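Please read the structure below before turning to the comments.
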Amino acid sequence: MNAYYHARAGGYDDWWLGRGRYADRDRPGWEEEPDQLAATLGALPPVRTLDVACGTGFLTRHLPGEIVGLDASEAMIEIAREAVPQDRFVVGAAFELPFPDASFERFFMSYFYCHLGEPERLRFLAEARRVAPELVIVASRPGAGDDRERWEERVLKDGSRWRVFKRVFEPDDLLAELGGGRVLHAGRWFVAVVSQ
């Protein structure tokens, strides 16, 4: 997964913004929903937050408070540092976070959780709970007829092909995996939840 996202760094924001190879995709409501999600995240109380698998910082820039972004890809971190210079960014592994217990008030993550199967998911959640009491997770929602778990072939900007494991969630299913919480956003494309 790390190699895939490292290779995807230069074109990652194109997915969010509907540019490049994503420009012709039929995604009704897509143009409005990232803005709605950003507003929801921006309305959270400002706290010390760790954004794991922060990528290019596309969502990081909307998080209020003191933010530390972490990603395994140096290429992603370089883009994030330029895009969100007021925040701190470090290269590191999501399964072995380089921070002491209870270093943060909030743990934020978008999409990386969608790529975790068992037992990685349980290991990851234990590490998240170790560093912060509150989890905020953004994930994909299923479309009509979508399998909830699947392998997808993805073609990147450079033409390379990758096989990627993907999970999609209805809000209640995601909250159940996290042990409860509440829904922050439930749109056509994204779900965001908070669990404490």
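By order of appearance in the structure tokens: chains A, B, ..., then residues from 1 within every chain, and ligands from 1 in the order shown.
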Can you tell me, as JSON, numbers by chain, what residues are no more than 10 Å from Gly92 (chain A) when counting only C-alpha atoms, ignoring any on the same chain fewer than 6 positions away?
{"A": [52, 53, 69, 70, 71, 72, 73, 74, 77, 98]}
Based on the selection just made, write N, CA and C atoms of those residues as a PDB file, in the first residue's frame.
```pdb
ATOM      1  N   VAL A  52      -3.111  10.729  10.471  1.00  0.00           N
ATOM      2  CA  VAL A  52      -2.325   9.589  10.001  1.00  0.00           C
ATOM      3  C   VAL A  52      -2.702   9.248   8.566  1.00  0.00           C
ATOM      4  N   ALA A  53      -1.688   8.936   7.763  1.00  0.00           N
ATOM      5  CA  ALA A  53      -1.851   8.736   6.323  1.00  0.00           C
ATOM      6  C   ALA A  53      -2.419  10.014   5.726  1.00  0.00           C
ATOM      7  N   GLY A  69       0.834  15.921  10.837  1.00  0.00           N
ATOM      8  CA  GLY A  69       0.491  14.972   9.789  1.00  0.00           C
ATOM      9  C   GLY A  69       1.581  13.926   9.648  1.00  0.00           C
ATOM     10  N   LEU A  70       1.182  12.683   9.467  1.00  0.00           N
ATOM     11  CA  LEU A  70       2.130  11.580   9.311  1.00  0.00           C
ATOM     12  C   LEU A  70       1.755  10.770   8.081  1.00  0.00           C
ATOM     13  N   ASP A  71       2.740  10.415   7.290  1.00  0.00           N
ATOM     14  CA  ASP A  71       2.527   9.545   6.136  1.00  0.00           C
ATOM     15  C   ASP A  71       3.793   8.744   5.908  1.00  0.00           C
ATOM     16  N   ALA A  72       3.657   7.548   5.360  1.00  0.00           N
ATOM     17  CA  ALA A  72       4.812   6.703   5.070  1.00  0.00           C
ATOM     18  C   ALA A  72       5.539   7.138   3.811  1.00  0.00           C
ATOM     19  N   SER A  73       4.903   7.974   2.998  1.00  0.00           N
ATOM     20  CA  SER A  73       5.478   8.397   1.725  1.00  0.00           C
ATOM     21  C   SER A  73       6.132   9.773   1.842  1.00  0.00           C
ATOM     22  N   GLU A  74       7.430   9.817   1.601  1.00  0.00           N
ATOM     23  CA  GLU A  74       8.143  11.101   1.590  1.00  0.00           C
ATOM     24  C   GLU A  74       7.585  12.012   0.509  1.00  0.00           C
ATOM     25  N   ILE A  77       4.476  13.616   1.851  1.00  0.00           N
ATOM     26  CA  ILE A  77       4.824  14.586   2.902  1.00  0.00           C
ATOM     27  C   ILE A  77       5.394  15.863   2.296  1.00  0.00           C
ATOM     28  N   PRO A  98       5.377   7.006  15.918  1.00  0.00           N
ATOM     29  CA  PRO A  98       6.550   7.465  16.666  1.00  0.00           C
ATOM     30  C   PRO A  98       6.210   8.521  17.717  1.00  0.00           C
TER      31      PRO A  98
END
```
Pick out the residues sitting within 12 Å of region 118-120 of chain A, and hand them over as a list in words; count only C-alpha atoms, and ignore anything fewer than 3 positions along from it in its own chain.
Ala94, Phe95, Glu96, Phe112, Tyr113, Cys114, His115, Arg123, Phe124, Leu125, Ala126, Glu127, Glu149, Phe165, Arg167 and Glu177 of chain A
Write a file of the selected residues as a PDB file, in the first residue's frame, keeping N, CA and C atoms.
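That gives us out-v1.pdb:
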```pdb
ATOM      1  N   ALA A  94       2.142   3.947  10.115  1.00  0.00           N
ATOM      2  CA  ALA A  94       0.854   4.015  10.811  1.00  0.00           C
ATOM      3  C   ALA A  94       0.712   2.932  11.877  1.00  0.00           C
ATOM      4  N   PHE A  95       1.390   1.809  11.708  1.00  0.00           N
ATOM      5  CA  PHE A  95       1.255   0.711  12.660  1.00  0.00           C
ATOM      6  C   PHE A  95       2.232   0.806  13.825  1.00  0.00           C
ATOM      7  N   GLU A  96       3.195   1.700  13.722  1.00  0.00           N
ATOM      8  CA  GLU A  96       4.172   1.935  14.797  1.00  0.00           C
ATOM      9  C   GLU A  96       4.391   3.432  14.903  1.00  0.00           C
ATOM     10  N   PHE A 112      -7.213   5.622   4.563  1.00  0.00           N
ATOM     11  CA  PHE A 112      -6.304   4.525   4.857  1.00  0.00           C
ATOM     12  C   PHE A 112      -7.062   3.371   5.521  1.00  0.00           C
ATOM     13  N   TYR A 113      -8.008   3.716   6.378  1.00  0.00           N
ATOM     14  CA  TYR A 113      -8.796   2.690   7.066  1.00  0.00           C
ATOM     15  C   TYR A 113      -9.538   1.799   6.065  1.00  0.00           C
ATOM     16  N   CYS A 114      -9.915   2.359   4.931  1.00  0.00           N
ATOM     17  CA  CYS A 114     -10.637   1.611   3.891  1.00  0.00           C
ATOM     18  C   CYS A 114      -9.804   0.489   3.285  1.00  0.00           C
ATOM     19  N   HIS A 115      -8.496   0.542   3.484  1.00  0.00           N
ATOM     20  CA  HIS A 115      -7.606  -0.456   2.887  1.00  0.00           C
ATOM     21  C   HIS A 115      -7.199  -1.554   3.860  1.00  0.00           C
ATOM     22  N   ARG A 123      -5.077  -4.112  14.868  1.00  0.00           N
ATOM     23  CA  ARG A 123      -3.755  -3.613  15.263  1.00  0.00           C
ATOM     24  C   ARG A 123      -3.683  -2.101  15.104  1.00  0.00           C
ATOM     25  N   PHE A 124      -4.205  -1.616  13.996  1.00  0.00           N
ATOM     26  CA  PHE A 124      -4.187  -0.182  13.727  1.00  0.00           C
ATOM     27  C   PHE A 124      -5.033   0.583  14.742  1.00  0.00           C
ATOM     28  N   LEU A 125      -6.228   0.094  15.039  1.00  0.00           N
ATOM     29  CA  LEU A 125      -7.094   0.770  16.003  1.00  0.00           C
ATOM     30  C   LEU A 125      -6.471   0.804  17.395  1.00  0.00           C
ATOM     31  N   ALA A 126      -5.788  -0.263  17.782  1.00  0.00           N
ATOM     32  CA  ALA A 126      -5.109  -0.271  19.077  1.00  0.00           C
ATOM     33  C   ALA A 126      -4.034   0.806  19.116  1.00  0.00           C
ATOM     34  N   GLU A 127      -3.298   0.968  18.041  1.00  0.00           N
ATOM     35  CA  GLU A 127      -2.257   1.997  17.981  1.00  0.00           C
ATOM     36  C   GLU A 127      -2.874   3.396  17.978  1.00  0.00           C
ATOM     37  N   GLU A 149     -16.388  -5.129   0.286  1.00  0.00           N
ATOM     38  CA  GLU A 149     -14.949  -5.409   0.259  1.00  0.00           C
ATOM     39  C   GLU A 149     -14.615  -5.911  -1.133  1.00  0.00           C
ATOM     40  N   PHE A 165      -6.759  -3.275  -2.297  1.00  0.00           N
ATOM     41  CA  PHE A 165      -7.881  -3.745  -1.480  1.00  0.00           C
ATOM     42  C   PHE A 165      -8.649  -2.532  -0.972  1.00  0.00           C
ATOM     43  N   ARG A 167     -12.397  -1.189   1.113  1.00  0.00           N
ATOM     44  CA  ARG A 167     -13.637  -1.412   1.853  1.00  0.00           C
ATOM     45  C   ARG A 167     -14.430  -0.121   1.828  1.00  0.00           C
ATOM     46  N   GLU A 177     -17.668  -0.959  13.930  1.00  0.00           N
ATOM     47  CA  GLU A 177     -16.277  -1.414  13.954  1.00  0.00           C
ATOM     48  C   GLU A 177     -15.437  -0.629  14.951  1.00  0.00           C
TER      49      GLU A 177
END
```
Quick one: pull the distance between CA of Asp14 (chain A) and CA of Leu44 (chain A), Å, one decimal.
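The value is 25.9 Å.
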Give me the residues near region 15-24 of chain A as a short mmCIF file (atom, residue, chain, number, x, y, z; two decimals) with N, CA and C atoms, in the first residue's frame, where near means some atom within 10 Å (using only C-alpha atoms) and where sequence neighbours in that chain fewer than 2 positions away do not count.
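To be explicit, this is the file written out as part_36.cif:
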```cif
data_model
loop_
_atom_site.label_atom_id
_atom_site.label_comp_id
_atom_site.auth_asym_id
_atom_site.auth_seq_id
_atom_site.Cartn_x
_atom_site.Cartn_y
_atom_site.Cartn_z
N GLY A 11 -0.44 12.87 -8.39
CA GLY A 11 -1.77 13.01 -8.97
C GLY A 11 -2.89 12.82 -7.97
N TYR A 12 -2.56 12.74 -6.68
CA TYR A 12 -3.58 12.43 -5.68
C TYR A 12 -4.67 13.50 -5.60
N ASP A 13 -4.28 14.75 -5.59
CA ASP A 13 -5.28 15.82 -5.48
C ASP A 13 -6.18 15.88 -6.71
N ASP A 26 -18.23 10.27 -14.10
CA ASP A 26 -19.59 10.68 -13.75
C ASP A 26 -19.75 10.50 -12.24
N ARG A 27 -19.66 11.61 -11.51
CA ARG A 27 -19.76 11.57 -10.05
C ARG A 27 -20.76 12.65 -9.60
N TRP A 30 -20.39 15.25 -6.60
CA TRP A 30 -19.00 15.22 -6.14
C TRP A 30 -18.45 16.62 -5.89
N GLU A 31 -18.75 17.55 -6.76
CA GLU A 31 -18.16 18.88 -6.66
C GLU A 31 -18.52 19.56 -5.34
N PRO A 34 -16.98 17.38 -1.26
CA PRO A 34 -15.73 17.66 -0.55
C PRO A 34 -15.77 18.97 0.23
N PHE A 58 -4.59 17.27 1.79
CA PHE A 58 -5.83 17.81 1.20
C PHE A 58 -6.89 18.05 2.26
N LEU A 59 -7.10 17.10 3.17
CA LEU A 59 -8.06 17.31 4.25
C LEU A 59 -7.39 17.91 5.50
N VAL A 155 -5.29 2.65 -12.23
CA VAL A 155 -4.28 3.12 -13.15
C VAL A 155 -3.91 4.54 -12.75
N LEU A 156 -2.63 4.78 -12.53
CA LEU A 156 -2.17 6.08 -12.07
C LEU A 156 -1.78 6.98 -13.23
N LYS A 157 -1.49 8.21 -12.89
CA LYS A 157 -1.13 9.24 -13.86
C LYS A 157 0.03 8.82 -14.75
#
```
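Checking A:Val168, A:Gly55, A:Ala144, A:His62 one by one against Gln36 (chain A), counting only C-alpha atoms, you find the shortest gap at A:His62.
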Just checking: using only C-alpha atoms, which residue out of A:Ala102, A:Val194, A:Leu37, A:Ala176 ends up closest to Pro133 (chain A)?
A:Ala102
Residue contacts of Ala83 (chain A) (10 Å, only C-alpha atoms) excluding same-chain residues fewer than 3 positions away, as number ranges by chain:
A: 56-58, 60-61, 77-80, 86-87
For the residues in that selection, give me N, CA and C atoms as a short mmCIF file (atom, residue, chain, number, x, y, z; two decimals), in the first residue's frame.
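Final output, result-v9.cif:
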```cif
data_model
loop_
_atom_site.label_atom_id
_atom_site.label_comp_id
_atom_site.auth_asym_id
_atom_site.auth_seq_id
_atom_site.Cartn_x
_atom_site.Cartn_y
_atom_site.Cartn_z
N THR A 56 -1.32 14.24 0.82
CA THR A 56 -0.89 15.57 0.37
C THR A 56 -1.38 16.69 1.29
N GLY A 57 -2.09 16.34 2.34
CA GLY A 57 -2.64 17.36 3.24
C GLY A 57 -3.95 17.93 2.75
N PHE A 58 -4.59 17.27 1.79
CA PHE A 58 -5.83 17.81 1.20
C PHE A 58 -6.89 18.05 2.26
N THR A 60 -6.11 17.68 5.67
CA THR A 60 -5.38 18.20 6.82
C THR A 60 -5.60 19.69 6.97
N ARG A 61 -5.59 20.41 5.87
CA ARG A 61 -5.69 21.88 5.91
C ARG A 61 -7.00 22.37 6.54
N ILE A 77 4.48 13.62 1.85
CA ILE A 77 4.82 14.59 2.90
C ILE A 77 5.39 15.86 2.30
N GLU A 78 6.21 15.76 1.26
CA GLU A 78 6.76 16.96 0.61
C GLU A 78 5.64 17.85 0.08
N ILE A 79 4.64 17.24 -0.54
CA ILE A 79 3.51 18.02 -1.07
C ILE A 79 2.72 18.64 0.08
N ALA A 80 2.48 17.87 1.13
CA ALA A 80 1.73 18.37 2.29
C ALA A 80 2.44 19.54 2.95
N GLN A 86 1.71 25.70 7.78
CA GLN A 86 1.53 26.00 9.20
C GLN A 86 1.51 24.75 10.07
N ASP A 87 1.33 23.57 9.48
CA ASP A 87 1.29 22.34 10.25
C ASP A 87 2.62 21.61 10.17
#
```
Using only C-alpha atoms, can you tell me which of A:Leu50, A:Ala93, A:Ala39, A:Val138 comes closest to Ile67 (chain A)?
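Closest candidate: A:Leu50.
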Where does DSSP see strand (DSSP E) in region 3-189 of chain A, if you list the residues as a PyMOL selection string?
chain A and resi 49-52+67-71+88-91+106-110+134-140+149-155+161-167+182-186
Take the residues just selected and output them with N, CA and C atoms as a compact mmCIF listing (two decimals), in the first residue's frame.
```
# COMPACT_ATOMS: atom_id res chain seq x y z
N THR A 49 -4.11 17.35 17.16
CA THR A 49 -4.58 16.26 16.30
C THR A 49 -3.43 15.62 15.54
N LEU A 50 -3.46 14.30 15.48
CA LEU A 50 -2.55 13.54 14.63
C LEU A 50 -3.34 13.07 13.42
N ASP A 51 -2.92 13.48 12.23
CA ASP A 51 -3.54 13.06 10.98
C ASP A 51 -2.67 11.98 10.37
N VAL A 52 -3.11 10.73 10.47
CA VAL A 52 -2.32 9.59 10.00
C VAL A 52 -2.70 9.25 8.57
N ILE A 67 -1.85 20.66 14.49
CA ILE A 67 -1.92 19.45 13.67
C ILE A 67 -0.52 18.90 13.39
N VAL A 68 -0.40 17.58 13.53
CA VAL A 68 0.78 16.86 13.07
C VAL A 68 0.29 15.85 12.04
N GLY A 69 0.83 15.92 10.84
CA GLY A 69 0.49 14.97 9.79
C GLY A 69 1.58 13.93 9.65
N LEU A 70 1.18 12.68 9.47
CA LEU A 70 2.13 11.58 9.31
C LEU A 70 1.76 10.77 8.08
N ASP A 71 2.74 10.42 7.29
CA ASP A 71 2.53 9.54 6.14
C ASP A 71 3.79 8.74 5.91
N ARG A 88 2.82 20.66 11.07
CA ARG A 88 4.05 19.86 11.11
C ARG A 88 3.77 18.52 10.44
N PHE A 89 4.71 18.06 9.62
CA PHE A 89 4.55 16.80 8.90
C PHE A 89 5.78 15.93 9.10
N VAL A 90 5.53 14.63 9.34
CA VAL A 90 6.62 13.68 9.55
C VAL A 90 6.38 12.42 8.74
N VAL A 91 7.48 11.78 8.35
CA VAL A 91 7.40 10.49 7.67
C VAL A 91 7.42 9.42 8.75
N ARG A 106 -6.90 14.10 19.50
CA ARG A 106 -7.69 13.54 18.40
C ARG A 106 -6.77 12.81 17.43
N PHE A 107 -7.27 11.69 16.93
CA PHE A 107 -6.61 10.92 15.88
C PHE A 107 -7.51 11.02 14.65
N PHE A 108 -6.98 11.54 13.55
CA PHE A 108 -7.76 11.71 12.33
C PHE A 108 -7.15 10.85 11.23
N MET A 109 -8.04 10.29 10.42
CA MET A 109 -7.57 9.54 9.28
C MET A 109 -8.64 9.49 8.20
N SER A 110 -8.20 9.70 6.97
CA SER A 110 -9.12 9.56 5.85
C SER A 110 -8.60 8.49 4.90
N GLU A 134 -9.81 10.21 21.07
CA GLU A 134 -10.88 10.45 20.09
C GLU A 134 -10.39 10.10 18.68
N LEU A 135 -11.21 9.34 17.96
CA LEU A 135 -10.91 8.99 16.57
C LEU A 135 -11.92 9.66 15.66
N VAL A 136 -11.44 10.30 14.60
CA VAL A 136 -12.29 10.80 13.53
C VAL A 136 -11.82 10.13 12.25
N ILE A 137 -12.73 9.41 11.61
CA ILE A 137 -12.37 8.66 10.41
C ILE A 137 -13.29 9.03 9.26
N VAL A 138 -12.68 9.29 8.10
CA VAL A 138 -13.40 9.55 6.86
C VAL A 138 -13.20 8.34 5.96
N ALA A 139 -14.29 7.85 5.39
CA ALA A 139 -14.23 6.67 4.53
C ALA A 139 -15.18 6.85 3.36
N SER A 140 -15.09 5.92 2.42
CA SER A 140 -15.98 5.92 1.25
C SER A 140 -17.29 5.22 1.57
N GLU A 149 -16.39 -5.13 0.29
CA GLU A 149 -14.95 -5.41 0.26
C GLU A 149 -14.62 -5.91 -1.13
N ARG A 150 -13.52 -5.38 -1.68
CA ARG A 150 -13.18 -5.78 -3.05
C ARG A 150 -11.73 -5.42 -3.36
N TRP A 151 -11.24 -6.04 -4.41
CA TRP A 151 -9.94 -5.67 -4.97
C TRP A 151 -10.22 -4.84 -6.21
N GLU A 152 -9.54 -3.70 -6.32
CA GLU A 152 -9.73 -2.80 -7.47
C GLU A 152 -8.41 -2.67 -8.23
N GLU A 153 -8.52 -2.57 -9.54
CA GLU A 153 -7.34 -2.24 -10.33
C GLU A 153 -7.37 -0.74 -10.57
N ARG A 154 -6.28 -0.08 -10.26
CA ARG A 154 -6.19 1.37 -10.42
C ARG A 154 -5.03 1.72 -11.33
N VAL A 155 -5.29 2.65 -12.23
CA VAL A 155 -4.28 3.12 -13.15
C VAL A 155 -3.91 4.54 -12.75
N ARG A 161 -0.16 0.31 -13.16
CA ARG A 161 -1.38 -0.36 -12.70
C ARG A 161 -1.12 -0.99 -11.33
N TRP A 162 -2.11 -0.83 -10.46
CA TRP A 162 -2.00 -1.32 -9.09
C TRP A 162 -3.27 -2.05 -8.70
N ARG A 163 -3.12 -3.12 -7.95
CA ARG A 163 -4.25 -3.86 -7.41
C ARG A 163 -4.38 -3.47 -5.94
N VAL A 164 -5.53 -2.89 -5.57
CA VAL A 164 -5.70 -2.29 -4.25
C VAL A 164 -6.93 -2.86 -3.55
N PHE A 165 -6.76 -3.28 -2.30
CA PHE A 165 -7.88 -3.74 -1.48
C PHE A 165 -8.65 -2.53 -0.97
N LYS A 166 -9.98 -2.58 -1.08
CA LYS A 166 -10.82 -1.43 -0.71
C LYS A 166 -12.05 -1.91 0.04
N ARG A 167 -12.40 -1.19 1.11
CA ARG A 167 -13.64 -1.41 1.85
C ARG A 167 -14.43 -0.12 1.83
N ARG A 182 -20.55 8.77 16.86
CA ARG A 182 -21.62 9.47 16.16
C ARG A 182 -21.17 9.86 14.76
N VAL A 183 -22.15 10.07 13.90
CA VAL A 183 -21.90 10.43 12.51
C VAL A 183 -21.68 11.94 12.43
N LEU A 184 -20.61 12.35 11.76
CA LEU A 184 -20.35 13.76 11.50
C LEU A 184 -20.85 14.17 10.13
N HIS A 185 -20.70 13.27 9.16
CA HIS A 185 -21.09 13.55 7.78
C HIS A 185 -21.48 12.23 7.13
N ALA A 186 -22.60 12.24 6.41
CA ALA A 186 -23.02 11.07 5.65
C ALA A 186 -23.58 11.56 4.33
```
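The shortest atom-to-atom distance to Asn2 (chain A), with only C-alpha atoms taken into account, belongs to A:Ala75 out of A:Ser195, A:Ala75, A:Val84, A:Asp35.
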